[in-house]
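Participant: Data file entry.pdb (PDB, C-alpha atoms and all ligand atoms) is appended below.
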```pdb
ATOM      1  CA  MET A   1       0.000   0.000   0.000  1.00  0.00           C
ATOM      2  CA  GLY A   2       1.373   3.425  -0.960  1.00  0.00           C
ATOM      3  CA  GLN A   3       1.920   6.304   1.380  1.00  0.00           C
ATOM      4  CA  ILE A   4      -1.316   8.210   1.962  1.00  0.00           C
ATOM      5  CA  LYS A   5      -0.850  11.949   1.554  1.00  0.00           C
ATOM      6  CA  GLN A   6      -1.319  13.925   4.756  1.00  0.00           C
ATOM      7  CA  SER A   7      -4.024  16.048   3.126  1.00  0.00           C
ATOM      8  CA  ALA A   8      -5.989  12.899   2.307  1.00  0.00           C
ATOM      9  CA  VAL A   9      -5.627  11.552   5.839  1.00  0.00           C
ATOM     10  CA  ASN A  10      -7.085  14.742   7.215  1.00  0.00           C
ATOM     11  CA  ARG A  11     -10.105  14.661   4.955  1.00  0.00           C
ATOM     12  CA  ASN A  12     -13.178  13.030   6.432  1.00  0.00           C
ATOM     13  CA  PRO A  13     -14.725  10.816   3.774  1.00  0.00           C
ATOM     14  CA  ILE A  14     -18.372  11.229   2.852  1.00  0.00           C
ATOM     15  CA  ILE A  15     -20.269   8.004   3.454  1.00  0.00           C
ATOM     16  CA  GLY A  16     -23.562   7.747   1.599  1.00  0.00           C
ATOM     17  CA  ILE A  17     -26.224   5.824   3.531  1.00  0.00           C
ATOM     18  CA  THR A  18     -29.384   4.604   1.831  1.00  0.00           C
ATOM     19  CA  VAL A  19     -32.666   4.857   3.746  1.00  0.00           C
ATOM     20  CA  ASP A  20     -35.945   3.028   4.103  1.00  0.00           C
ATOM     21  CA  ILE A  21     -39.282   4.152   2.683  1.00  0.00           C
ATOM     22  CA  ASP A  22     -42.053   4.383   5.266  1.00  0.00           C
ATOM     23  CA  GLY A  23     -45.150   5.738   3.533  1.00  0.00           C
ATOM     24  CA  GLU A  24     -44.502   9.428   2.939  1.00  0.00           C
ATOM     25  CA  TYR A  25     -41.383   9.338   5.130  1.00  0.00           C
ATOM     26  CA  LEU A  26     -37.796   8.231   4.645  1.00  0.00           C
ATOM     27  CA  ARG A  27     -36.134   6.753   7.693  1.00  0.00           C
ATOM     28  CA  LEU A  28     -32.894   5.465   9.116  1.00  0.00           C
ATOM     29  CA  ARG A  29     -31.996   4.277  12.598  1.00  0.00           C
ATOM     30  CA  HIS A  30     -29.551   6.822  13.961  1.00  0.00           C
ATOM     31  CA  HIS A  31     -27.129   4.063  15.035  1.00  0.00           C
ATOM     32  CA  TYR A  32     -25.806   3.865  11.465  1.00  0.00           C
ATOM     33  CA  SER A  33     -24.977   7.556  11.082  1.00  0.00           C
ATOM     34  CA  ASP A  34     -23.638   7.653  14.677  1.00  0.00           C
ATOM     35  CA  ALA A  35     -21.254   4.776  13.918  1.00  0.00           C
ATOM     36  CA  ILE A  36     -19.962   6.526  10.771  1.00  0.00           C
ATOM     37  CA  ILE A  37     -19.384   9.787  12.669  1.00  0.00           C
ATOM     38  CA  LYS A  38     -17.601   7.948  15.489  1.00  0.00           C
ATOM     39  CA  ALA A  39     -15.289   6.326  12.922  1.00  0.00           C
ATOM     40  CA  GLY A  40     -14.412   9.720  11.388  1.00  0.00           C
ATOM     41  CA  GLY A  41     -16.730   9.770   8.382  1.00  0.00           C
ATOM     42  CA  ILE A  42     -19.384  12.262   7.339  1.00  0.00           C
ATOM     43  CA  PRO A  43     -22.722  10.502   6.843  1.00  0.00           C
ATOM     44  CA  ALA A  44     -24.869  11.675   3.922  1.00  0.00           C
ATOM     45  CA  LEU A  45     -28.352  10.177   3.762  1.00  0.00           C
ATOM     46  CA  ILE A  46     -29.377   9.348   0.194  1.00  0.00           C
ATOM     47  CA  PRO A  47     -33.060   9.292  -0.800  1.00  0.00           C
ATOM     48  CA  PRO A  48     -34.108   6.402  -3.061  1.00  0.00           C
ATOM     49  CA  SER A  49     -34.681   8.735  -5.996  1.00  0.00           C
ATOM     50  CA  GLY A  50     -32.506  10.669  -8.403  1.00  0.00           C
ATOM     51  CA  ASN A  51     -29.603   9.419 -10.476  1.00  0.00           C
ATOM     52  CA  PRO A  52     -27.590   6.648  -8.724  1.00  0.00           C
ATOM     53  CA  ALA A  53     -24.487   7.468 -10.801  1.00  0.00           C
ATOM     54  CA  SER A  54     -24.510  11.106  -9.633  1.00  0.00           C
ATOM     55  CA  TYR A  55     -24.640  10.040  -5.989  1.00  0.00           C
ATOM     56  CA  ALA A  56     -21.929   7.409  -6.475  1.00  0.00           C
ATOM     57  CA  GLU A  57     -19.570   9.977  -8.022  1.00  0.00           C
ATOM     58  CA  ARG A  58     -19.935  12.243  -5.009  1.00  0.00           C
ATOM     59  CA  ILE A  59     -19.598   9.789  -2.143  1.00  0.00           C
ATOM     60  CA  ASP A  60     -16.414   8.087  -0.948  1.00  0.00           C
ATOM     61  CA  GLY A  61     -18.129   5.009   0.462  1.00  0.00           C
ATOM     62  CA  LEU A  62     -21.618   3.471   0.476  1.00  0.00           C
ATOM     63  CA  LEU A  63     -23.346   1.981   3.517  1.00  0.00           C
ATOM     64  CA  ILE A  64     -26.452  -0.114   2.862  1.00  0.00           C
ATOM     65  CA  PRO A  65     -28.213  -0.502   6.239  1.00  0.00           C
ATOM     66  CA  GLY A  66     -30.652  -3.057   7.604  1.00  0.00           C
ATOM     67  CA  GLY A  67     -34.277  -3.458   6.629  1.00  0.00           C
ATOM     68  CA  ASP A  68     -36.965  -6.051   6.074  1.00  0.00           C
ATOM     69  CA  ASP A  69     -36.780  -8.778   3.404  1.00  0.00           C
ATOM     70  CA  VAL A  70     -35.623  -8.545  -0.208  1.00  0.00           C
ATOM     71  CA  ASP A  71     -38.512  -9.345  -2.567  1.00  0.00           C
ATOM     72  CA  PRO A  72     -37.699 -12.937  -3.683  1.00  0.00           C
ATOM     73  CA  SER A  73     -38.555 -12.058  -7.289  1.00  0.00           C
ATOM     74  CA  TYR A  74     -35.113 -10.380  -7.393  1.00  0.00           C
ATOM     75  CA  TYR A  75     -33.593 -13.859  -7.144  1.00  0.00           C
ATOM     76  CA  ASN A  76     -36.229 -15.493  -9.341  1.00  0.00           C
ATOM     77  CA  GLU A  77     -38.283 -17.138  -6.613  1.00  0.00           C
ATOM     78  CA  GLY A  78     -41.927 -16.807  -5.674  1.00  0.00           C
ATOM     79  CA  MET A  79     -42.946 -15.820  -2.173  1.00  0.00           C
ATOM     80  CA  GLU A  80     -42.742 -19.133  -0.305  1.00  0.00           C
ATOM     81  CA  TYR A  81     -42.721 -17.845   3.246  1.00  0.00           C
ATOM     82  CA  GLU A  82     -45.968 -16.064   3.993  1.00  0.00           C
ATOM     83  CA  MET A  83     -44.787 -14.070   7.036  1.00  0.00           C
ATOM     84  CA  MET A  84     -42.322 -12.126   4.893  1.00  0.00           C
ATOM     85  CA  LYS A  85     -42.111  -8.342   5.161  1.00  0.00           C
ATOM     86  CA  ILE A  86     -40.902  -6.976   1.846  1.00  0.00           C
ATOM     87  CA  VAL A  87     -38.743  -3.873   1.493  1.00  0.00           C
ATOM     88  CA  ASN A  88     -40.246  -1.294  -0.874  1.00  0.00           C
ATOM     89  CA  ARG A  89     -39.016  -2.170  -4.374  1.00  0.00           C
ATOM     90  CA  ASP A  90     -38.184   1.484  -5.089  1.00  0.00           C
ATOM     91  CA  ARG A  91     -35.603   1.269  -2.312  1.00  0.00           C
ATOM     92  CA  THR A  92     -34.233  -2.081  -3.518  1.00  0.00           C
ATOM     93  CA  ASP A  93     -34.042  -0.936  -7.163  1.00  0.00           C
ATOM     94  CA  PHE A  94     -32.238   2.235  -6.145  1.00  0.00           C
ATOM     95  CA  GLU A  95     -29.769   0.361  -3.936  1.00  0.00           C
ATOM     96  CA  ILE A  96     -28.958  -2.168  -6.654  1.00  0.00           C
ATOM     97  CA  SER A  97     -28.263   0.655  -9.133  1.00  0.00           C
ATOM     98  CA  THR A  98     -26.184   2.651  -6.654  1.00  0.00           C
ATOM     99  CA  LEU A  99     -24.230  -0.460  -5.650  1.00  0.00           C
ATOM    100  CA  ASN A 100     -23.478  -1.201  -9.319  1.00  0.00           C
ATOM    101  CA  GLU A 101     -22.237   2.370  -9.839  1.00  0.00           C
ATOM    102  CA  MET A 102     -19.997   2.147  -6.756  1.00  0.00           C
ATOM    103  CA  VAL A 103     -18.572  -1.191  -7.920  1.00  0.00           C
ATOM    104  CA  LYS A 104     -17.793   0.366 -11.344  1.00  0.00           C
ATOM    105  CA  LEU A 105     -15.827   3.063  -9.488  1.00  0.00           C
ATOM    106  CA  ARG A 106     -14.271   0.428  -7.176  1.00  0.00           C
ATOM    107  CA  ARG A 107     -15.255   2.427  -4.100  1.00  0.00           C
ATOM    108  CA  PRO A 108     -15.863   0.888  -0.654  1.00  0.00           C
ATOM    109  CA  VAL A 109     -19.215  -0.649   0.220  1.00  0.00           C
ATOM    110  CA  LEU A 110     -20.479  -1.940   3.577  1.00  0.00           C
ATOM    111  CA  GLY A 111     -23.755  -3.848   3.817  1.00  0.00           C
ATOM    112  CA  ILE A 112     -25.431  -4.666   7.119  1.00  0.00           C
ATOM    113  CA  CYS A 113     -28.101  -7.404   7.543  1.00  0.00           C
ATOM    114  CA  TYR A 114     -30.595  -6.637   4.728  1.00  0.00           C
ATOM    115  CA  GLY A 115     -27.730  -4.606   3.203  1.00  0.00           C
ATOM    116  CA  MET A 116     -25.546  -7.710   2.977  1.00  0.00           C
ATOM    117  CA  GLN A 117     -28.427  -9.758   1.536  1.00  0.00           C
ATOM    118  CA  LEU A 118     -29.129  -6.990  -0.986  1.00  0.00           C
ATOM    119  CA  ILE A 119     -25.489  -7.021  -2.165  1.00  0.00           C
ATOM    120  CA  ASN A 120     -25.642 -10.796  -2.582  1.00  0.00           C
ATOM    121  CA  VAL A 121     -28.885 -10.664  -4.562  1.00  0.00           C
ATOM    122  CA  ALA A 122     -27.689  -7.720  -6.694  1.00  0.00           C
ATOM    123  CA  LEU A 123     -24.720  -9.860  -7.750  1.00  0.00           C
ATOM    124  CA  GLY A 124     -26.888 -12.834  -8.722  1.00  0.00           C
ATOM    125  CA  GLY A 125     -27.007 -14.746  -5.422  1.00  0.00           C
ATOM    126  CA  SER A 126     -30.065 -16.058  -3.600  1.00  0.00           C
ATOM    127  CA  LEU A 127     -31.446 -16.233  -0.057  1.00  0.00           C
ATOM    128  CA  TYR A 128     -33.164 -18.696   2.228  1.00  0.00           C
ATOM    129  CA  GLN A 129     -36.578 -17.091   2.604  1.00  0.00           C
ATOM    130  CA  ASP A 130     -36.798 -18.299   6.204  1.00  0.00           C
ATOM    131  CA  LEU A 131     -33.997 -20.042   8.077  1.00  0.00           C
ATOM    132  CA  ASP A 132     -36.172 -22.154  10.383  1.00  0.00           C
ATOM    133  CA  SER A 133     -38.228 -23.439   7.446  1.00  0.00           C
ATOM    134  CA  TYR A 134     -35.348 -24.353   5.139  1.00  0.00           C
ATOM    135  CA  LEU A 135     -32.272 -25.189   7.211  1.00  0.00           C
ATOM    136  CA  PRO A 136     -31.751 -27.370  10.280  1.00  0.00           C
ATOM    137  CA  VAL A 137     -30.444 -24.399  12.235  1.00  0.00           C
ATOM    138  CA  ALA A 138     -29.494 -25.023  15.853  1.00  0.00           C
ATOM    139  CA  ILE A 139     -29.432 -21.354  16.809  1.00  0.00           C
ATOM    140  CA  ASN A 140     -32.227 -18.824  17.017  1.00  0.00           C
ATOM    141  CA  HIS A 141     -30.914 -16.178  14.633  1.00  0.00           C
ATOM    142  CA  ARG A 142     -33.946 -13.932  15.182  1.00  0.00           C
ATOM    143  CA  LYS A 143     -32.713 -12.642  18.519  1.00  0.00           C
ATOM    144  CA  ASP A 144     -29.973 -12.693  21.141  1.00  0.00           C
ATOM    145  CA  TYR A 145     -26.315 -13.417  20.509  1.00  0.00           C
ATOM    146  CA  HIS A 146     -24.314 -16.182  18.912  1.00  0.00           C
ATOM    147  CA  ILE A 147     -20.694 -16.970  18.091  1.00  0.00           C
ATOM    148  CA  ILE A 148     -19.222 -16.379  14.658  1.00  0.00           C
ATOM    149  CA  VAL A 149     -15.906 -17.607  13.352  1.00  0.00           C
ATOM    150  CA  ILE A 150     -14.016 -15.424  10.900  1.00  0.00           C
ATOM    151  CA  GLU A 151     -12.455 -17.686   8.305  1.00  0.00           C
ATOM    152  CA  ASP A 152      -8.876 -17.434   7.249  1.00  0.00           C
ATOM    153  CA  CYS A 153      -9.489 -16.443   3.630  1.00  0.00           C
ATOM    154  CA  VAL A 154      -7.440 -18.067   0.934  1.00  0.00           C
ATOM    155  CA  GLY A 155      -4.595 -15.888  -0.337  1.00  0.00           C
ATOM    156  CA  GLU A 156      -4.888 -12.206   0.454  1.00  0.00           C
ATOM    157  CA  SER A 157      -7.422 -12.120   3.237  1.00  0.00           C
ATOM    158  CA  GLN A 158      -8.853  -8.664   2.728  1.00  0.00           C
ATOM    159  CA  LEU A 159     -11.268  -8.964   5.578  1.00  0.00           C
ATOM    160  CA  ARG A 160      -8.763 -10.086   8.167  1.00  0.00           C
ATOM    161  CA  HIS A 161      -6.277  -7.574   6.845  1.00  0.00           C
ATOM    162  CA  TYR A 162      -8.707  -4.685   7.077  1.00  0.00           C
ATOM    163  CA  LEU A 163     -10.148  -5.755  10.384  1.00  0.00           C
ATOM    164  CA  ARG A 164      -6.717  -6.559  11.848  1.00  0.00           C
ATOM    165  CA  LEU A 165      -7.915  -9.992  12.910  1.00  0.00           C
ATOM    166  CA  LYS A 166      -6.047 -13.169  13.673  1.00  0.00           C
ATOM    167  CA  PRO A 167      -6.950 -16.315  11.689  1.00  0.00           C
ATOM    168  CA  LEU A 168     -10.125 -18.048  12.856  1.00  0.00           C
ATOM    169  CA  GLU A 169     -10.924 -15.460  15.495  1.00  0.00           C
ATOM    170  CA  ARG A 170     -14.252 -15.966  17.243  1.00  0.00           C
ATOM    171  CA  PHE A 171     -16.649 -13.247  18.292  1.00  0.00           C
ATOM    172  CA  SER A 172     -20.042 -13.050  19.920  1.00  0.00           C
ATOM    173  CA  VAL A 173     -22.443 -11.026  17.759  1.00  0.00           C
ATOM    174  CA  ASN A 174     -26.059  -9.923  17.978  1.00  0.00           C
ATOM    175  CA  SER A 175     -28.427 -11.685  15.613  1.00  0.00           C
ATOM    176  CA  SER A 176     -31.675 -10.226  14.314  1.00  0.00           C
ATOM    177  CA  HIS A 177     -32.498 -11.959  11.033  1.00  0.00           C
ATOM    178  CA  HIS A 178     -34.646 -14.818   9.759  1.00  0.00           C
ATOM    179  CA  GLN A 179     -33.177 -14.996   6.248  1.00  0.00           C
ATOM    180  CA  ALA A 180     -29.651 -15.845   5.133  1.00  0.00           C
ATOM    181  CA  ILE A 181     -27.547 -16.351   2.017  1.00  0.00           C
ATOM    182  CA  LYS A 182     -28.294 -19.540   0.071  1.00  0.00           C
ATOM    183  CA  THR A 183     -26.080 -19.167  -3.009  1.00  0.00           C
ATOM    184  CA  LEU A 184     -23.343 -16.564  -3.263  1.00  0.00           C
ATOM    185  CA  GLY A 185     -23.355 -13.758  -5.824  1.00  0.00           C
ATOM    186  CA  ARG A 186     -20.589 -13.260  -8.412  1.00  0.00           C
ATOM    187  CA  GLY A 187     -17.153 -12.601  -6.940  1.00  0.00           C
ATOM    188  CA  LEU A 188     -18.374 -12.921  -3.348  1.00  0.00           C
ATOM    189  CA  LYS A 189     -16.758 -15.088  -0.728  1.00  0.00           C
ATOM    190  CA  ALA A 190     -18.247 -16.217   2.582  1.00  0.00           C
ATOM    191  CA  VAL A 191     -15.812 -15.209   5.307  1.00  0.00           C
ATOM    192  CA  ALA A 192     -17.659 -15.732   8.591  1.00  0.00           C
ATOM    193  CA  PHE A 193     -19.999 -18.470   9.779  1.00  0.00           C
ATOM    194  CA  SER A 194     -22.138 -19.225  12.805  1.00  0.00           C
ATOM    195  CA  PRO A 195     -21.618 -22.627  14.506  1.00  0.00           C
ATOM    196  CA  ASP A 196     -24.697 -23.925  12.629  1.00  0.00           C
ATOM    197  CA  ASN A 197     -23.110 -22.901   9.315  1.00  0.00           C
ATOM    198  CA  VAL A 198     -25.097 -19.831   8.396  1.00  0.00           C
ATOM    199  CA  ILE A 199     -23.068 -17.338   6.335  1.00  0.00           C
ATOM    200  CA  GLU A 200     -22.524 -14.342   8.625  1.00  0.00           C
ATOM    201  CA  ALA A 201     -20.166 -12.212   6.495  1.00  0.00           C
ATOM    202  CA  ILE A 202     -19.135 -11.853   2.861  1.00  0.00           C
ATOM    203  CA  CYS A 203     -16.457  -9.948   1.029  1.00  0.00           C
ATOM    204  CA  MET A 204     -15.654  -9.425  -2.626  1.00  0.00           C
ATOM    205  CA  GLU A 205     -12.416 -10.881  -3.867  1.00  0.00           C
ATOM    206  CA  ASP A 206     -10.018  -8.676  -5.857  1.00  0.00           C
ATOM    207  CA  TYR A 207     -11.820  -5.532  -4.780  1.00  0.00           C
ATOM    208  CA  PRO A 208     -10.555  -2.704  -2.555  1.00  0.00           C
ATOM    209  CA  PHE A 209     -13.245  -2.990   0.141  1.00  0.00           C
ATOM    210  CA  LEU A 210     -16.637  -4.652  -0.019  1.00  0.00           C
ATOM    211  CA  LEU A 211     -17.925  -6.202   3.174  1.00  0.00           C
ATOM    212  CA  GLY A 212     -21.327  -7.530   4.170  1.00  0.00           C
ATOM    213  CA  VAL A 213     -22.204  -8.623   7.694  1.00  0.00           C
ATOM    214  CA  GLN A 214     -25.357 -10.400   8.794  1.00  0.00           C
ATOM    215  CA  TRP A 215     -25.351  -9.065  12.355  1.00  0.00           C
ATOM    216  CA  HIS A 216     -25.672  -5.467  13.607  1.00  0.00           C
ATOM    217  CA  PRO A 217     -22.284  -3.923  14.484  1.00  0.00           C
ATOM    218  CA  GLU A 218     -23.889  -0.459  14.669  1.00  0.00           C
ATOM    219  CA  ARG A 219     -25.767  -1.569  17.797  1.00  0.00           C
ATOM    220  CA  LEU A 220     -22.684  -3.177  19.421  1.00  0.00           C
ATOM    221  CA  VAL A 221     -20.714   0.007  19.844  1.00  0.00           C
ATOM    222  CA  ASP A 222     -18.254  -1.194  22.513  1.00  0.00           C
ATOM    223  CA  ASN A 223     -17.343  -4.357  20.640  1.00  0.00           C
ATOM    224  CA  ARG A 224     -13.833  -4.462  19.112  1.00  0.00           C
ATOM    225  CA  LEU A 225     -15.018  -6.146  15.912  1.00  0.00           C
ATOM    226  CA  SER A 226     -17.743  -3.492  15.425  1.00  0.00           C
ATOM    227  CA  GLN A 227     -15.251  -0.685  15.846  1.00  0.00           C
ATOM    228  CA  GLU A 228     -12.822  -2.337  13.432  1.00  0.00           C
ATOM    229  CA  ILE A 229     -15.586  -2.745  10.821  1.00  0.00           C
ATOM    230  CA  PHE A 230     -16.513   0.954  10.810  1.00  0.00           C
ATOM    231  CA  ARG A 231     -12.920   2.175  11.218  1.00  0.00           C
ATOM    232  CA  SER A 232     -11.662   0.055   8.321  1.00  0.00           C
ATOM    233  CA  PHE A 233     -14.622   1.021   6.105  1.00  0.00           C
ATOM    234  CA  VAL A 234     -14.159   4.751   6.721  1.00  0.00           C
ATOM    235  CA  GLU A 235     -10.365   4.466   6.312  1.00  0.00           C
ATOM    236  CA  ALA A 236     -10.758   2.585   3.021  1.00  0.00           C
ATOM    237  CA  SER A 237     -13.044   5.419   1.825  1.00  0.00           C
ATOM    238  CA  ILE A 238     -10.398   8.130   2.257  1.00  0.00           C
ATOM    239  CA  GLY A 239      -8.951   9.541  -0.920  1.00  0.00           C
ATOM    240  CA  ASN A 240     -10.915   7.519  -3.478  1.00  0.00           C
ATOM    241  CA  ARG A 241     -12.691  10.443  -5.116  1.00  0.00           C
TER     242      ARG A 241
HETATM  243 MN    MN B 301     -27.092 -14.817  12.847  1.00  0.00          MN
END
```
In structure tokens, how does this file's structure come out?
Facilitator:
Amino acid sequence: MGQIKQSAVNRNPIIGITVDIDGEYLRLRHHYSDAIIKAGGIPALIPPSGNPASYAERIDGLLIPGGDDVDPSYYNEGMEYEMMKIVNRDRTDFEISTLNEMVKLRRPVLGICYGMQLINVALGGSLYQDLDSYLPVAINHRKDYHIIVIEDCVGESQLRHYLRLKPLERFSVNSSHHQAIKTLGRGLKAVAFSPDNVIEAICMEDYPFLLGVQWHPERLVDNRLSQEIFRSFVEASIGNR
């Protein structure tokens, strides 16, 4: 890695954060913007309208936050699980377009929970519509905490490198999801698993920084892994524009 110019170090990167559509309102839990500020970034909330390419050009990194469920038609399945709560398709369409623009520019992307699932689906992957119905999971992923193991990636382990982790480090994380990745999208690699083999984190190979996590680091503010996730994301976003 080359020497970062002092002027670039001092610049606080602008992190675009997509938001949810709630009737006439747009909304975001403040934990996401708080976590970006704490890590040294400037959060900029992006409405799900306008030209995705124009936003992508102006932001240094993109954070796709949590939400309800991705409409299964995006991964060519019908709605099999009737309790599903679907994210507004205007939001999903906008996030897929903005993600694609960011990937073209090779700028950093962080996806959390729904955000990680959205990245996977945008790149051609699919989801389990409901974990309890489709997998013999031993853990209740809808609530409480469980262990994850960060895999030692083959070759250049971007995730471990960025997060300054040791091989096969274990962490306790909060879990608040009922869906999970079934098949991986193009270029994505599963890099963390729960003990019952649910994919808990993904990264993109041969890409500067693209990370998706299934848990909620923005709500675990005192946790070392959470801090490393936001620090490394904001750091990777410096000087890309
Ligand atoms: Mn989980």
Participant: Throw together the list of residues within 9 Å of ligand MN 301 (chain B), counting all atoms listed in the file, and drop it here as a list of chain:residue names.
Facilitator: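 Checking all atoms listed in the file against ligand MN 301 (chain B) at 9 Å gives A:Ile139, A:Asn140, A:His141, A:Arg142, A:Lys143, A:Tyr145, A:His146, A:Ile147, A:Ile148, A:Val173, A:Asn174, A:Ser175, A:Ser176, A:His177, A:His178, A:Gln179, A:Ala180, A:Phe193, A:Ser194, A:Val198, A:Ile199, A:Glu200, A:Gln214, A:Trp215.
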Participant: As a list of chain:residue names, please: the residues near region 87-89 of chain A (cut-off 9 Å, only C-alpha atoms, same-chain neighbours under 3 positions excluded).
Facilitator: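 Here the qualifying residues turn out to be A:Asp20, A:Ile21, A:Asp22, A:Gly67, A:Asp68, A:Asp69, A:Val70, A:Asp71, A:Thr92, A:Asp93, A:Phe94.
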Participant: Between A:Leu210, A:Leu62, A:Leu28, A:Leu127, single out the one closest to Gly41 (chain A), counting all atoms listed in the file.
Facilitator: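 Looking only at the distances to Gly41 (chain A), the closest residue turns out to be A:Leu62.
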Participant: Quick one: apply the PyMOL selection byres (((chain A and resi 122) around 12) and not hetatm) to the file and drop the selected residues here as a PDB file with C-alpha atoms, in the coordinates of the input.
Facilitator:
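The result, stored in part-v1.pdb:
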```pdb
ATOM      1  CA  VAL A  70     -35.623  -8.545  -0.208  1.00  0.00           C
ATOM      2  CA  ASP A  71     -38.512  -9.345  -2.567  1.00  0.00           C
ATOM      3  CA  PRO A  72     -37.699 -12.937  -3.683  1.00  0.00           C
ATOM      4  CA  SER A  73     -38.555 -12.058  -7.289  1.00  0.00           C
ATOM      5  CA  TYR A  74     -35.113 -10.380  -7.393  1.00  0.00           C
ATOM      6  CA  TYR A  75     -33.593 -13.859  -7.144  1.00  0.00           C
ATOM      7  CA  ASN A  76     -36.229 -15.493  -9.341  1.00  0.00           C
ATOM      8  CA  THR A  92     -34.233  -2.081  -3.518  1.00  0.00           C
ATOM      9  CA  ASP A  93     -34.042  -0.936  -7.163  1.00  0.00           C
ATOM     10  CA  PHE A  94     -32.238   2.235  -6.145  1.00  0.00           C
ATOM     11  CA  GLU A  95     -29.769   0.361  -3.936  1.00  0.00           C
ATOM     12  CA  ILE A  96     -28.958  -2.168  -6.654  1.00  0.00           C
ATOM     13  CA  SER A  97     -28.263   0.655  -9.133  1.00  0.00           C
ATOM     14  CA  THR A  98     -26.184   2.651  -6.654  1.00  0.00           C
ATOM     15  CA  LEU A  99     -24.230  -0.460  -5.650  1.00  0.00           C
ATOM     16  CA  ASN A 100     -23.478  -1.201  -9.319  1.00  0.00           C
ATOM     17  CA  GLU A 101     -22.237   2.370  -9.839  1.00  0.00           C
ATOM     18  CA  VAL A 103     -18.572  -1.191  -7.920  1.00  0.00           C
ATOM     19  CA  GLY A 111     -23.755  -3.848   3.817  1.00  0.00           C
ATOM     20  CA  TYR A 114     -30.595  -6.637   4.728  1.00  0.00           C
ATOM     21  CA  GLY A 115     -27.730  -4.606   3.203  1.00  0.00           C
ATOM     22  CA  MET A 116     -25.546  -7.710   2.977  1.00  0.00           C
ATOM     23  CA  GLN A 117     -28.427  -9.758   1.536  1.00  0.00           C
ATOM     24  CA  LEU A 118     -29.129  -6.990  -0.986  1.00  0.00           C
ATOM     25  CA  ILE A 119     -25.489  -7.021  -2.165  1.00  0.00           C
ATOM     26  CA  ASN A 120     -25.642 -10.796  -2.582  1.00  0.00           C
ATOM     27  CA  VAL A 121     -28.885 -10.664  -4.562  1.00  0.00           C
ATOM     28  CA  LEU A 123     -24.720  -9.860  -7.750  1.00  0.00           C
ATOM     29  CA  GLY A 124     -26.888 -12.834  -8.722  1.00  0.00           C
ATOM     30  CA  GLY A 125     -27.007 -14.746  -5.422  1.00  0.00           C
ATOM     31  CA  SER A 126     -30.065 -16.058  -3.600  1.00  0.00           C
ATOM     32  CA  LEU A 127     -31.446 -16.233  -0.057  1.00  0.00           C
ATOM     33  CA  LEU A 184     -23.343 -16.564  -3.263  1.00  0.00           C
ATOM     34  CA  GLY A 185     -23.355 -13.758  -5.824  1.00  0.00           C
ATOM     35  CA  ARG A 186     -20.589 -13.260  -8.412  1.00  0.00           C
ATOM     36  CA  GLY A 187     -17.153 -12.601  -6.940  1.00  0.00           C
ATOM     37  CA  LEU A 188     -18.374 -12.921  -3.348  1.00  0.00           C
TER      38      LEU A 188
END
```
Participant: Quick one: residues within 6 Å of Val149 (chain A), all atoms listed in the file, excluding same-chain residues fewer than 6 positions away - as a ChimeraX atom specification?
Facilitator: /A:168-170,192-193
Participant: Counting only C-alpha atoms, which of A:Tyr134, A:Tyr162, A:Tyr207, A:Tyr128 gets nearest to Val234 (chain A)?
Facilitator: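 Residue with the minimum atom-to-atom distance to Val234 (chain A): A:Tyr162.
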Participant: Under the rule that only C-alpha atoms are counted, which of A:Ala236, A:Leu131, A:Val137, A:Ile42 is the nearest residue to Met84 (chain A)?
Facilitator: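 Answer, going by the shortest atom-to-atom distance: A:Leu131.
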Participant: Mind working out the centre and edge lengths of an axis-aligned box for region 176-191 of chain A, all listed atoms inside, 4 Å added to each side, rounded to one decimal in Å and written as AutoDock Vina command-line options?
Facilitator:
```
--center_x -25.2 --center_y -14.9 --center_z 3.0 --size_x 26.8 --size_y 17.3 --size_z 30.7
```
Participant: When you draw a straight line from CA of Arg219 (chain A) to CA of Asp206 (chain A), how long is it in Å?
Facilitator: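 Result for CA of Arg219 (chain A) versus CA of Asp206 (chain A): 29.3 Å, one decimal.
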Participant: My list of candidates is A:Glu235, A:Glu218, A:Glu80, A:Asp144. Which is closest to Gln129 (chain A) when distances are computed with all atoms listed in the file?
Facilitator: A:Glu80
Participant: Please measure the separation of CA of Asp60 (chain A) and CA of Ile36 (chain A), giving the value in Å to one decimal.
Facilitator: 12.3 Å
Participant: Have a look at A:Leu225, A:Leu211, A:Ile17, A:Ile181 and name the one nearest to Pro108 (chain A); count only C-alpha atoms.
Facilitator: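 Result for the nearest residue to Pro108 (chain A): A:Leu211.
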Participant: Mind pulling up the distance from CA of Gly16 (chain A) to CA of Phe209 (chain A)?
Facilitator: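 Interatomic distance here is 15.0 Å.
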Participant: On this structure, which residues satisfy the PyMOL selection byres (((chain A and resi 191) around 6) and not hetatm), written as a PyMOL selection string?
Facilitator: chain A and resi 150-151+190+192+201-202
Participant: Kindly provide, as a list in words, the polymer residues lying within 12 Å of (-30.1, 7.3, 15.1), counting all atoms listed in the file and using the coordinates exactly as they appear in the file.
Facilitator: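 Protein and nucleic acid residues near the point are Val19, Arg27, Leu28, Arg29, His30, His31, Tyr32, Ser33, Asp34, Ala35, Ile36, Ile37, Pro43, Leu45, Pro65, Glu218 and Arg219 of chain A.
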Participant: Give the answer as one residue: which of A:Gly66, A:Gly212, A:Pro136, A:Gly239 has the shortest atom-to-atom distance to Arg11 (chain A), using only C-alpha atoms?
Facilitator: A:Gly239
